[in-house]
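Structure first, then comments.
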Amino acid sequence: MEENKKIKIGCASAFWGDSNDAAAQLVNSNELNYLVFDYLAEVTMSILAASQMKNPDLGYATDFISQTGPLLSEIKAQGIKVISNAGGINPIACREALVKEADKQGLNFKIAIVEGDNLFHRKDNFLKKRVQDIDTNSEMPKSVTSINAYLGAEPIRRALDEGADIIITGRCVDSAVTLGPLMYEFGWKSTDYDLLAAGSLAGHIIECGAQCNGGNFTDWHLVKDFDNIGFPIIEVVSNGDFTVSKPENTGGLISFGTVAEQFLYEIGDPGSYILPDVVCDFRDVTIKEIEKDKVFVSGAIGKPPTETYKVSATYLNGYRTQASVVIGGINAAQKAKITADAILKKVSRMLKDSGMQDFSDKKVSIIGTEAMYGNNSQQLNTREVLLRIIATHSQKEALVLLSREIAQGSTGMTPGFINMLGARPSVSPSIKLFSFLLLKKEVNISIEIDNNNMEILIDNNYDDHVELTKEIVHSSLDNKLLTNEVPLYKLAFARSGDKGDHCNIGVISRKPEYFSFIKNYLTNQVVKNYFSHVAKGDVHCWEVPGICGLNFLLKHSLGGGGMASLNIDSQGKAYAQQLLDIKVPVSKEIYNELLKRK
């Protein structure tokens, strides 16, 4: 292994539907050794399963073909290797589509696929075993539509060993598409836990694309040229340390704050972040700005992995419909509420008269009145609101009736019913998530390359005694002596995201001297009370001293999460934005310092 070897990896996708020009931007930078894409979320697997049922040639992220196809000649010329989880539940069809694109251009690539994550064929076995959800202990429902294990990086490394130019996987953890090539390039072994943790962190930082480059950043007003935001490039050395940058002449911003926010995004316990290849301890990770739009990251620690894979299944739980109606004029919010109540009351009566059950769930939100803030909302005298009515039912016909009756509001209810956005609402399946653990030895993984199928044996030393690390002991400053308050956003950066039905909120102090005040005030109970309108479970909090950060996990705070939730913010993306408004007691010195900055 070359001592001064550096590997550059760019990430061109954070989800299925991300920007179409990201891959071209990164390839045209002429900097990359690897180009990676992340397309899959839990709900995406269910959508892909449905698409394959309609057409056997689908079931993969078609964006991958449209985005890489025009770049294949340049990818070949630069010798860039491409890795993506675009295979979804049909990696074979994905590869065939890519081969067709390459053939049109007279290009030849060695394309490997990784298989073994799709466990849907074992549905009956799992039902018979009565596997239980890791959060609710409920048993797997019979209506599952997809079942996929989160695989790790080892199969990707093996495919590179076999000379693959392009690797297409099904479900794997997001960071694996980055860790795999680092294991291959630097010869990292499956027991080099600190290195695997560092490579996993590198993958985690870039897996959400431009979100580490100024996207969703607390200080969004400092970010320039959102229309041409740069996608991330990491440069990694053999000891796992890496820098984060972006292509020249692109917009966005890379700073301590942008990378630190992404660092804590969508993780739970930062001292025991469980991945298939390694259990990561990120508490002492440091992030340093080394020049404009470039930061240096180091300090990850690794521990042996567990002997299980996390398996996520999605299942059909009836149907849902959502209507969005603009209501305008004087007392718009009051009119919206009266209209919604009348529509739901009327349809409930009609369902009863026809012998059908009432809605299994329903929710009315009046957007424009700070509806998502709960008890923290401010009174607004707005003359324009968006009425959102969402309901679920076991029978599709019941929701078709609701979608028809909503239209009557335009002529038979309160004035100012302007229009239904998107016309009459459609009815769609209500999809829920079911997650369980499965022994790794029960999952058969293989790679297929050049018509050869090779079984991949995962050889790890397991440690199945992973426990949550100790939560923070909050400092005990005397709040009675702290008579000055400032909003949290003046003291900290923050970002939030979903983990199933749970939401994490990462809070990072802008300066080390602010941290004690943040720790003192932001206790688990304060955060739980602040989010009492959504937080139905416990709130956990861990300290991340390397970046003067706190990571909160709000259990069961997303109304089921994903497509199952009726909440406005079903993925908790704005929870951090809400928390940044909370008032934090600080010393007089800090208060005066912040006052001068106005």
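Residues are named by chain letter and number: chains run A, B, ... in the order of the structure tokens, numbers start at 1 in each chain, and ligands are numbered from 1 in the order shown.
Residues surrounding stretch 277-284 of chain A within 7 Å are A:Gly152, A:Ala153, A:Tyr193, A:Leu196, A:Ala197, A:Pro270, A:Gly271, A:Ser272, A:Tyr273, A:Ile274, A:Leu275, A:Thr286, A:Gly299, A:Ala300, A:Ile301, A:Gly302, A:Lys303, A:Pro304, A:Pro305, A:Val544, A:Pro545, A:Gly546 [only C-alpha atoms; sequence separation below 2 positions excluded].
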Residues at most 6 Å from stretch 569-583 of chain A, counting only C-alpha atoms, excluding those fewer than 5 positions away in the same chain, as an mmCIF file with all heavy atoms, in the first residue's frame?
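Okay, this is what ended up in selection-v9.cif:
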data_model
loop_
_atom_site.group_PDB
_atom_site.id
_atom_site.type_symbol
_atom_site.label_atom_id
_atom_site.label_comp_id
_atom_site.auth_asym_id
_atom_site.auth_seq_id
_atom_site.Cartn_x
_atom_site.Cartn_y
_atom_site.Cartn_z
ATOM 1 N N GLU A 485 -31.708 35.589 28.398
ATOM 2 C CA GLU A 485 -32.016 34.469 27.515
ATOM 3 C C GLU A 485 -31.776 34.855 26.060
ATOM 4 O O GLU A 485 -31.993 36.001 25.669
ATOM 5 C CB GLU A 485 -33.472 34.028 27.675
ATOM 6 C CG GLU A 485 -33.813 33.447 29.030
ATOM 7 C CD GLU A 485 -35.273 33.033 29.084
ATOM 8 O OE1 GLU A 485 -36.091 33.638 28.346
ATOM 9 O OE2 GLU A 485 -35.595 32.113 29.850
ATOM 10 N N VAL A 486 -31.335 33.879 25.286
ATOM 11 C CA VAL A 486 -31.177 34.080 23.843
ATOM 12 C C VAL A 486 -31.743 32.855 23.132
ATOM 13 O O VAL A 486 -31.743 31.754 23.690
ATOM 14 C CB VAL A 486 -29.697 34.279 23.436
ATOM 15 C CG1 VAL A 486 -29.130 35.533 24.059
ATOM 16 C CG2 VAL A 486 -28.862 33.062 23.798
ATOM 17 N N PRO A 487 -32.231 33.004 21.909
ATOM 18 C CA PRO A 487 -32.705 31.833 21.168
ATOM 19 C C PRO A 487 -31.533 30.899 20.843
ATOM 20 O O PRO A 487 -30.408 31.347 20.613
ATOM 21 C CB PRO A 487 -33.326 32.431 19.904
ATOM 22 C CG PRO A 487 -32.756 33.798 19.788
ATOM 23 C CD PRO A 487 -32.445 34.262 21.170
ATOM 24 N N LEU A 488 -31.826 29.624 20.823
ATOM 25 C CA LEU A 488 -30.779 28.618 20.622
ATOM 26 C C LEU A 488 -29.993 28.845 19.337
ATOM 27 O O LEU A 488 -28.796 28.556 19.281
ATOM 28 C CB LEU A 488 -31.410 27.217 20.621
ATOM 29 C CG LEU A 488 -30.473 26.036 20.396
ATOM 30 C CD1 LEU A 488 -29.404 25.944 21.486
ATOM 31 C CD2 LEU A 488 -31.271 24.729 20.310
ATOM 32 N N TYR A 489 -30.639 29.363 18.288
ATOM 33 C CA TYR A 489 -29.927 29.509 17.014
ATOM 34 C C TYR A 489 -28.739 30.461 17.104
ATOM 35 O O TYR A 489 -27.830 30.421 16.278
ATOM 36 C CB TYR A 489 -30.873 29.929 15.881
ATOM 37 C CG TYR A 489 -31.442 31.323 15.967
ATOM 38 C CD1 TYR A 489 -30.712 32.433 15.538
ATOM 39 C CD2 TYR A 489 -32.734 31.529 16.432
ATOM 40 C CE1 TYR A 489 -31.247 33.709 15.613
ATOM 41 C CE2 TYR A 489 -33.279 32.801 16.495
ATOM 42 C CZ TYR A 489 -32.536 33.891 16.089
ATOM 43 O OH TYR A 489 -33.065 35.155 16.157
ATOM 44 N N ALA A 494 -28.142 23.214 14.232
ATOM 45 C CA ALA A 494 -28.962 22.040 14.527
ATOM 46 C C ALA A 494 -29.540 21.481 13.238
ATOM 47 O O ALA A 494 -29.820 22.226 12.283
ATOM 48 C CB ALA A 494 -30.087 22.376 15.499
ATOM 49 N N ARG A 495 -29.708 20.166 13.223
ATOM 50 C CA ARG A 495 -30.361 19.482 12.099
ATOM 51 C C ARG A 495 -31.082 18.265 12.628
ATOM 52 O O ARG A 495 -30.635 17.631 13.578
ATOM 53 C CB ARG A 495 -29.351 19.074 11.027
ATOM 54 C CG ARG A 495 -30.005 18.391 9.820
ATOM 55 C CD ARG A 495 -28.996 18.097 8.721
ATOM 56 N NE ARG A 495 -28.435 19.329 8.183
ATOM 57 C CZ ARG A 495 -27.403 19.371 7.345
ATOM 58 N NH1 ARG A 495 -26.800 18.255 6.987
ATOM 59 N NH2 ARG A 495 -26.957 20.525 6.899
ATOM 60 N N SER A 496 -32.180 17.922 11.992
ATOM 61 C CA SER A 496 -32.973 16.774 12.433
ATOM 62 C C SER A 496 -33.312 15.870 11.256
ATOM 63 O O SER A 496 -33.286 16.290 10.099
ATOM 64 C CB SER A 496 -34.256 17.246 13.111
ATOM 65 O OG SER A 496 -34.977 18.133 12.266
ATOM 66 N N GLY A 497 -33.644 14.630 11.577
ATOM 67 C CA GLY A 497 -34.018 13.677 10.544
ATOM 68 C C GLY A 497 -34.649 12.439 11.140
ATOM 69 O O GLY A 497 -34.632 12.233 12.352
ATOM 70 N N ASP A 498 -35.197 11.600 10.274
ATOM 71 C CA ASP A 498 -35.975 10.456 10.735
ATOM 72 C C ASP A 498 -35.147 9.186 10.852
ATOM 73 O O ASP A 498 -34.204 8.965 10.099
ATOM 74 C CB ASP A 498 -37.153 10.199 9.804
ATOM 75 C CG ASP A 498 -36.720 9.903 8.367
ATOM 76 O OD1 ASP A 498 -35.812 10.607 7.873
ATOM 77 O OD2 ASP A 498 -37.267 8.974 7.755
ATOM 78 N N CYS A 503 -37.132 10.391 15.749
ATOM 79 C CA CYS A 503 -36.456 11.538 15.143
ATOM 80 C C CYS A 503 -35.219 11.896 15.954
ATOM 81 O O CYS A 503 -35.264 11.893 17.185
ATOM 82 C CB CYS A 503 -37.406 12.742 15.098
ATOM 83 S SG CYS A 503 -36.656 14.229 14.371
ATOM 84 N N ILE A 505 -32.284 14.857 16.703
ATOM 85 C CA ILE A 505 -31.946 16.276 16.547
ATOM 86 C C ILE A 505 -30.513 16.457 17.044
ATOM 87 O O ILE A 505 -30.225 16.269 18.230
ATOM 88 C CB ILE A 505 -32.878 17.196 17.353
ATOM 89 C CG1 ILE A 505 -34.350 16.935 17.018
ATOM 90 C CG2 ILE A 505 -32.539 18.667 17.068
ATOM 91 C CD1 ILE A 505 -35.327 17.761 17.835
ATOM 92 N N LEU A 558 -42.893 10.569 15.221
ATOM 93 C CA LEU A 558 -43.187 10.887 13.824
ATOM 94 C C LEU A 558 -44.518 10.306 13.346
ATOM 95 O O LEU A 558 -44.769 10.207 12.138
ATOM 96 C CB LEU A 558 -42.048 10.388 12.918
ATOM 97 C CG LEU A 558 -40.690 11.052 13.158
ATOM 98 C CD1 LEU A 558 -39.619 10.414 12.288
ATOM 99 C CD2 LEU A 558 -40.762 12.550 12.905
ATOM 100 N N GLY A 561 -43.988 7.513 11.081
ATOM 101 C CA GLY A 561 -42.879 7.770 10.160
ATOM 102 C C GLY A 561 -43.223 7.463 8.714
ATOM 103 O O GLY A 561 -44.151 6.707 8.400
ATOM 104 N N GLY A 562 -42.458 8.078 7.803
ATOM 105 C CA GLY A 562 -42.583 7.793 6.377
ATOM 106 C C GLY A 562 -44.003 7.952 5.856
ATOM 107 O O GLY A 562 -44.743 8.868 6.219
#
Near-stretch 425-442 of chain A list (9 Å; only C-alpha atoms; drop same-chain fewer than 4 positions) as a PyMOL selection string: chain A and resi 42-43+46+131-135+138-141+144-145+147+149+306-324+392-393+396-397+399-400+403-404+406+420-421+457-458+500-501+560-565
Would you write out those residues with C-alpha atoms, as a PDB file, in the first residue's frame?
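File out19.pdb, as written:
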ATOM      1  CA  GLU A  42     -37.366   2.092   3.387  1.00  0.00           C
ATOM      2  CA  VAL A  43     -40.430   3.341   1.552  1.00  0.00           C
ATOM      3  CA  SER A  46     -42.010  -0.801  -1.349  1.00  0.00           C
ATOM      4  CA  VAL A 131     -40.417 -12.523  14.055  1.00  0.00           C
ATOM      5  CA  GLN A 132     -40.954  -9.378  16.103  1.00  0.00           C
ATOM      6  CA  ASP A 133     -40.467  -5.710  15.328  1.00  0.00           C
ATOM      7  CA  ILE A 134     -37.423  -4.289  17.133  1.00  0.00           C
ATOM      8  CA  ASP A 135     -39.381  -1.269  18.391  1.00  0.00           C
ATOM      9  CA  SER A 138     -45.420  -6.757  17.223  1.00  0.00           C
ATOM     10  CA  GLU A 139     -45.406  -9.735  14.851  1.00  0.00           C
ATOM     11  CA  MET A 140     -44.860  -9.428  11.120  1.00  0.00           C
ATOM     12  CA  PRO A 141     -48.136  -8.810   9.254  1.00  0.00           C
ATOM     13  CA  VAL A 144     -45.680  -7.418   3.612  1.00  0.00           C
ATOM     14  CA  THR A 145     -44.641  -6.124   0.191  1.00  0.00           C
ATOM     15  CA  ILE A 147     -38.258  -7.611   2.950  1.00  0.00           C
ATOM     16  CA  ALA A 149     -31.541  -6.908   4.849  1.00  0.00           C
ATOM     17  CA  THR A 306     -22.968  -7.586  15.929  1.00  0.00           C
ATOM     18  CA  GLU A 307     -23.888 -11.005  14.575  1.00  0.00           C
ATOM     19  CA  THR A 308     -27.161  -9.765  13.095  1.00  0.00           C
ATOM     20  CA  TYR A 309     -28.363  -7.737  10.138  1.00  0.00           C
ATOM     21  CA  LYS A 310     -31.165  -5.253  10.457  1.00  0.00           C
ATOM     22  CA  VAL A 311     -33.974  -6.285   8.124  1.00  0.00           C
ATOM     23  CA  SER A 312     -36.631  -3.822   7.003  1.00  0.00           C
ATOM     24  CA  ALA A 313     -39.959  -4.940   5.645  1.00  0.00           C
ATOM     25  CA  THR A 314     -42.742  -2.744   4.328  1.00  0.00           C
ATOM     26  CA  TYR A 315     -46.368  -3.776   4.463  1.00  0.00           C
ATOM     27  CA  LEU A 316     -49.748  -2.630   3.235  1.00  0.00           C
ATOM     28  CA  ASN A 317     -51.922  -1.208   5.983  1.00  0.00           C
ATOM     29  CA  GLY A 318     -55.077  -0.155   4.181  1.00  0.00           C
ATOM     30  CA  TYR A 319     -55.298   3.018   2.107  1.00  0.00           C
ATOM     31  CA  ARG A 320     -54.896   6.757   2.508  1.00  0.00           C
ATOM     32  CA  THR A 321     -55.887   9.953   0.782  1.00  0.00           C
ATOM     33  CA  GLN A 322     -54.799  13.543   1.244  1.00  0.00           C
ATOM     34  CA  ALA A 323     -56.494  16.717   0.104  1.00  0.00           C
ATOM     35  CA  SER A 324     -54.926  20.180   0.078  1.00  0.00           C
ATOM     36  CA  THR A 392     -56.853   6.282   6.241  1.00  0.00           C
ATOM     37  CA  HIS A 393     -59.266   3.375   5.859  1.00  0.00           C
ATOM     38  CA  LYS A 396     -60.326   2.048  -0.820  1.00  0.00           C
ATOM     39  CA  GLU A 397     -63.952   2.887  -1.625  1.00  0.00           C
ATOM     40  CA  LEU A 399     -61.560   7.182   0.692  1.00  0.00           C
ATOM     41  CA  VAL A 400     -62.798   7.568  -2.861  1.00  0.00           C
ATOM     42  CA  SER A 403     -62.139  12.576  -2.146  1.00  0.00           C
ATOM     43  CA  ARG A 404     -65.400  13.214  -4.016  1.00  0.00           C
ATOM     44  CA  ILE A 406     -64.312  17.374  -0.463  1.00  0.00           C
ATOM     45  CA  MET A 420     -57.829  21.900  -4.522  1.00  0.00           C
ATOM     46  CA  LEU A 421     -54.123  21.695  -5.265  1.00  0.00           C
ATOM     47  CA  LEU A 457     -18.816 -15.349   3.344  1.00  0.00           C
ATOM     48  CA  ILE A 458     -18.812 -12.614   5.954  1.00  0.00           C
ATOM     49  CA  GLY A 500     -38.254   5.080  11.301  1.00  0.00           C
ATOM     50  CA  ASP A 501     -40.800   6.401  13.791  1.00  0.00           C
ATOM     51  CA  GLY A 560     -45.417   6.136  12.473  1.00  0.00           C
ATOM     52  CA  GLY A 561     -42.879   7.770  10.160  1.00  0.00           C
ATOM     53  CA  GLY A 562     -42.583   7.793   6.377  1.00  0.00           C
ATOM     54  CA  MET A 563     -45.746   7.057   4.391  1.00  0.00           C
ATOM     55  CA  ALA A 564     -47.523   5.787   7.519  1.00  0.00           C
ATOM     56  CA  SER A 565     -47.555   9.172   9.236  1.00  0.00           C
TER      57      SER A 565
END
DSSP strand (DSSP E) residues within stretch 109-196 of chain A, as an MDAnalysis selection string: chainID A and resid 111:115 144:149 166:169
Filtering to all heavy atoms, could you give me those residues as a CSV table (one decimal), in the first residue's frame?
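Written file, part_34.csv:
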chain,number,residue,atom,x,y,z
A,111,ILE,N,-19.4,-5.2,-15.1
A,111,ILE,CA,-20.5,-4.7,-14.2
A,111,ILE,C,-20.8,-5.9,-13.2
A,111,ILE,O,-21.2,-7.0,-13.7
A,111,ILE,CB,-21.7,-4.2,-14.9
A,111,ILE,CG1,-21.3,-3.1,-15.9
A,111,ILE,CG2,-22.7,-3.7,-13.9
A,111,ILE,CD1,-22.5,-2.6,-16.7
A,112,ALA,N,-20.7,-5.7,-11.9
A,112,ALA,CA,-21.0,-6.7,-10.9
A,112,ALA,C,-22.3,-6.3,-10.2
A,112,ALA,O,-22.6,-5.1,-10.1
A,112,ALA,CB,-19.9,-6.8,-9.9
A,113,ILE,N,-23.0,-7.3,-9.8
A,113,ILE,CA,-24.2,-7.1,-9.0
A,113,ILE,C,-24.0,-7.8,-7.7
A,113,ILE,O,-23.4,-8.9,-7.6
A,113,ILE,CB,-25.5,-7.5,-9.7
A,113,ILE,CG1,-25.5,-8.9,-10.1
A,113,ILE,CG2,-25.8,-6.6,-10.9
A,113,ILE,CD1,-26.9,-9.4,-10.6
A,114,VAL,N,-24.5,-7.2,-6.6
A,114,VAL,CA,-24.5,-7.9,-5.3
A,114,VAL,C,-25.9,-8.3,-5.0
A,114,VAL,O,-26.9,-7.5,-5.1
A,114,VAL,CB,-24.0,-6.9,-4.2
A,114,VAL,CG1,-24.1,-7.5,-2.8
A,114,VAL,CG2,-22.6,-6.4,-4.5
A,115,GLU,N,-26.1,-9.6,-4.6
A,115,GLU,CA,-27.4,-10.1,-4.3
A,115,GLU,C,-27.4,-10.8,-2.9
A,115,GLU,O,-26.4,-11.1,-2.4
A,115,GLU,CB,-27.8,-11.1,-5.4
A,115,GLU,CG,-28.0,-10.5,-6.8
A,115,GLU,CD,-28.4,-11.6,-7.8
A,115,GLU,OE1,-27.6,-12.5,-8.1
A,115,GLU,OE2,-29.6,-11.5,-8.2
A,144,VAL,N,-47.0,-8.0,4.0
A,144,VAL,CA,-45.7,-7.4,3.6
A,144,VAL,C,-45.5,-7.4,2.1
A,144,VAL,O,-45.9,-8.3,1.4
A,144,VAL,CB,-44.5,-8.2,4.3
A,144,VAL,CG1,-44.5,-8.0,5.8
A,144,VAL,CG2,-44.5,-9.6,3.9
A,145,THR,N,-44.9,-6.3,1.6
A,145,THR,CA,-44.6,-6.1,0.2
A,145,THR,C,-43.2,-6.2,-0.2
A,145,THR,O,-42.8,-6.3,-1.3
A,145,THR,CB,-45.2,-4.8,-0.3
A,145,THR,OG1,-44.7,-3.7,0.5
A,145,THR,CG2,-46.7,-4.8,-0.1
A,146,SER,N,-42.3,-6.0,0.8
A,146,SER,CA,-40.8,-6.1,0.6
A,146,SER,C,-40.2,-6.5,1.9
A,146,SER,O,-40.6,-6.1,3.0
A,146,SER,CB,-40.3,-4.8,0.1
A,146,SER,OG,-40.3,-3.7,1.1
A,147,ILE,N,-39.1,-7.2,1.8
A,147,ILE,CA,-38.3,-7.6,2.9
A,147,ILE,C,-36.8,-7.6,2.5
A,147,ILE,O,-36.4,-8.4,1.6
A,147,ILE,CB,-38.6,-9.0,3.5
A,147,ILE,CG1,-40.1,-9.2,3.7
A,147,ILE,CG2,-37.8,-9.3,4.7
A,147,ILE,CD1,-40.5,-10.6,4.1
A,148,ASN,N,-36.0,-6.7,3.1
A,148,ASN,CA,-34.6,-6.5,2.7
A,148,ASN,C,-33.7,-6.3,3.8
A,148,ASN,O,-34.0,-5.5,4.8
A,148,ASN,CB,-34.5,-5.3,1.7
A,148,ASN,CG,-35.2,-5.5,0.4
A,148,ASN,OD1,-36.4,-5.3,0.3
A,148,ASN,ND2,-34.4,-5.9,-0.6
A,149,ALA,N,-32.6,-7.1,3.8
A,149,ALA,CA,-31.5,-6.9,4.8
A,149,ALA,C,-30.6,-5.8,4.4
A,149,ALA,O,-30.3,-5.6,3.3
A,149,ALA,CB,-30.8,-8.2,5.0
A,166,ILE,N,-18.1,-1.2,-12.5
A,166,ILE,CA,-19.3,-0.7,-11.9
A,166,ILE,C,-20.0,-1.8,-11.0
A,166,ILE,O,-20.0,-3.0,-11.4
A,166,ILE,CB,-20.3,-0.3,-13.1
A,166,ILE,CG1,-19.7,0.8,-14.0
A,166,ILE,CG2,-21.7,0.2,-12.5
A,166,ILE,CD1,-20.5,1.1,-15.2
A,167,ILE,N,-20.5,-1.4,-9.9
A,167,ILE,CA,-21.1,-2.3,-9.0
A,167,ILE,C,-22.5,-1.8,-8.6
A,167,ILE,O,-22.7,-0.6,-8.2
A,167,ILE,CB,-20.3,-2.4,-7.7
A,167,ILE,CG1,-18.9,-2.9,-7.9
A,167,ILE,CG2,-21.0,-3.4,-6.7
A,167,ILE,CD1,-17.9,-2.9,-6.8
A,168,ILE,N,-23.5,-2.7,-8.8
A,168,ILE,CA,-24.9,-2.4,-8.5
A,168,ILE,C,-25.3,-3.3,-7.4
A,168,ILE,O,-25.3,-4.5,-7.5
A,168,ILE,CB,-25.7,-2.6,-9.8
A,168,ILE,CG1,-25.3,-1.6,-10.9
A,168,ILE,CG2,-27.2,-2.4,-9.4
A,168,ILE,CD1,-25.9,-1.9,-12.2
A,169,THR,N,-25.8,-2.7,-6.3
A,169,THR,CA,-26.3,-3.5,-5.2
A,169,THR,C,-27.8,-3.3,-5.0
A,169,THR,O,-28.4,-2.4,-5.6
A,169,THR,CB,-25.6,-3.1,-3.9
A,169,THR,OG1,-26.2,-1.9,-3.4
A,169,THR,CG2,-24.1,-2.9,-4.1
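Nearest residue to A:Asn551, choosing from A:Leu522, A:Leu35, A:Cys11, A:Ala535 and counting only C-alpha atoms: A:Leu522.
Proximity ranking of A:Gly416, A:Gly559, A:Pro181, A:Gly215 relative to A:Asp161 places A:Pro181 first, based on only C-alpha atoms.
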Residue among A:Gly79, A:Pro276, A:Gly506, A:Gly88 lying closest to A:Trp16, counting only C-alpha atoms: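 For A:Trp16, the nearest of the given residues is A:Gly88.
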Expected answer as a PyMOL selection string: helix (DSSP H, G or I) residues in stretch 305-512 of chain A: chain A and resi 332-353+371-376+396-406+409-412+440-442+479-481+488-490+512
Near-A:Val326 list (10 Å; only C-alpha atoms; drop same-chain fewer than 6 positions) as a list in words: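 Selected residues are Ala332, Ala336, Ile366, Ile367, Glu384, Val385, Leu386, Leu387, Arg388, Gly416, Phe417, Ile418, Asn419, Met420 and Leu421 of chain A.
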Given only C-alpha atoms as the counted atoms, nearest of A:Val27, A:Ile456, A:Leu491, A:Cys541 to A:Val527: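 Of all the options, A:Cys541 lies closest to A:Val527.
You will find atom CA of A:Asp165 at 8.5 Å from atom CA of A:Ile83.
Coordinates place atom CA of A:Lys224 at a distance of 7.4 Å from atom CA of A:Leu253.
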Selected residue of minimal separation from A:Val236 among A:Ala340, A:Leu195, A:Ile156, A:Ala407, counting only C-alpha atoms: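 Counting only C-alpha atoms, the residue closest to A:Val236 is A:Leu195.
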Spatial neighbours of A:Val534, 10 Å, only C-alpha atoms, chain gap at least 6 places, as a ChimeraX atom specification: /A:372-374,528,554-559,567,572
Quick one: write out the picked residues with all heavy atoms as a short mmCIF file (atom, residue, chain, number, x, y, z; two decimals), in the first residue's frame?
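What ended up in result_15.cif:
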data_model
loop_
_atom_site.label_atom_id
_atom_site.label_comp_id
_atom_site.auth_asym_id
_atom_site.auth_seq_id
_atom_site.Cartn_x
_atom_site.Cartn_y
_atom_site.Cartn_z
N MET A 372 -47.64 22.86 12.78
CA MET A 372 -46.69 21.83 13.19
C MET A 372 -45.98 22.18 14.50
O MET A 372 -45.27 21.36 15.06
CB MET A 372 -45.65 21.59 12.10
CG MET A 372 -44.69 22.71 11.86
SD MET A 372 -43.53 22.26 10.53
CE MET A 372 -42.51 23.72 10.47
N TYR A 373 -46.19 23.39 15.02
CA TYR A 373 -45.54 23.81 16.25
C TYR A 373 -46.29 23.41 17.51
O TYR A 373 -45.78 23.56 18.62
CB TYR A 373 -45.34 25.33 16.25
CG TYR A 373 -44.14 25.79 15.47
CD1 TYR A 373 -44.19 25.90 14.09
CD2 TYR A 373 -42.95 26.12 16.10
CE1 TYR A 373 -43.09 26.32 13.35
CE2 TYR A 373 -41.84 26.54 15.39
CZ TYR A 373 -41.92 26.64 14.01
OH TYR A 373 -40.82 27.06 13.29
N GLY A 374 -47.50 22.89 17.38
CA GLY A 374 -48.25 22.49 18.56
C GLY A 374 -48.46 23.64 19.52
O GLY A 374 -48.85 24.75 19.14
N LYS A 528 -38.49 17.06 25.58
CA LYS A 528 -39.74 16.30 25.52
C LYS A 528 -40.95 17.22 25.69
O LYS A 528 -41.94 17.11 24.97
CB LYS A 528 -39.76 15.20 26.57
CG LYS A 528 -41.01 14.31 26.49
CD LYS A 528 -40.92 13.12 27.41
CE LYS A 528 -42.22 12.31 27.41
NZ LYS A 528 -42.55 11.77 26.09
N LEU A 554 -35.76 11.36 19.80
CA LEU A 554 -37.14 11.46 20.25
C LEU A 554 -37.88 10.22 19.76
O LEU A 554 -38.19 10.09 18.56
CB LEU A 554 -37.81 12.72 19.69
CG LEU A 554 -37.44 14.07 20.31
CD1 LEU A 554 -35.97 14.41 20.12
CD2 LEU A 554 -38.31 15.18 19.71
N LYS A 555 -38.12 9.28 20.66
CA LYS A 555 -38.74 8.01 20.29
C LYS A 555 -40.23 8.23 19.96
O LYS A 555 -40.91 8.99 20.63
CB LYS A 555 -38.59 6.98 21.42
CG LYS A 555 -37.16 6.70 21.85
CD LYS A 555 -36.41 5.90 20.79
CE LYS A 555 -36.85 4.47 20.68
NZ LYS A 555 -36.23 3.57 21.65
N HIS A 556 -40.67 7.53 18.95
CA HIS A 556 -42.08 7.54 18.54
C HIS A 556 -42.64 8.96 18.46
O HIS A 556 -43.63 9.32 19.08
CB HIS A 556 -42.90 6.69 19.51
CG HIS A 556 -42.43 5.28 19.62
ND1 HIS A 556 -42.48 4.39 18.57
CD2 HIS A 556 -41.82 4.62 20.64
CE1 HIS A 556 -41.95 3.23 18.94
NE2 HIS A 556 -41.54 3.35 20.18
N SER A 557 -41.96 9.74 17.64
CA SER A 557 -42.33 11.16 17.52
C SER A 557 -42.76 11.55 16.11
O SER A 557 -42.97 12.73 15.84
CB SER A 557 -41.15 12.04 17.94
OG SER A 557 -40.02 11.78 17.12
N LEU A 558 -42.89 10.57 15.22
CA LEU A 558 -43.19 10.89 13.82
C LEU A 558 -44.52 10.31 13.35
O LEU A 558 -44.77 10.21 12.14
CB LEU A 558 -42.05 10.39 12.92
CG LEU A 558 -40.69 11.05 13.16
CD1 LEU A 558 -39.62 10.41 12.29
CD2 LEU A 558 -40.76 12.55 12.90
N GLY A 559 -45.37 9.92 14.29
CA GLY A 559 -46.68 9.41 13.90
C GLY A 559 -46.62 8.17 13.06
O GLY A 559 -47.48 7.94 12.19
N ASN A 567 -48.71 13.16 10.00
CA ASN A 567 -48.15 14.45 10.40
C ASN A 567 -47.75 15.28 9.18
O ASN A 567 -47.40 14.75 8.13
CB ASN A 567 -46.91 14.24 11.27
CG ASN A 567 -47.24 13.62 12.60
OD1 ASN A 567 -48.40 13.37 12.92
ND2 ASN A 567 -46.22 13.35 13.40
N GLY A 572 -39.63 14.51 10.34
CA GLY A 572 -38.95 15.33 11.35
C GLY A 572 -37.92 16.29 10.79
O GLY A 572 -37.04 16.74 11.52
#
Close residues, A:Ile330 itself excluded, 10 Å, only C-alpha atoms, min 3 positions apart in chain, as a list of chain:residue names: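 Answer for this query is A:Ile327, A:Ala333, A:Gln334, A:Lys335, A:Asn381, A:Thr382, A:Arg383, A:Glu384, A:Pro415, A:Gly416.
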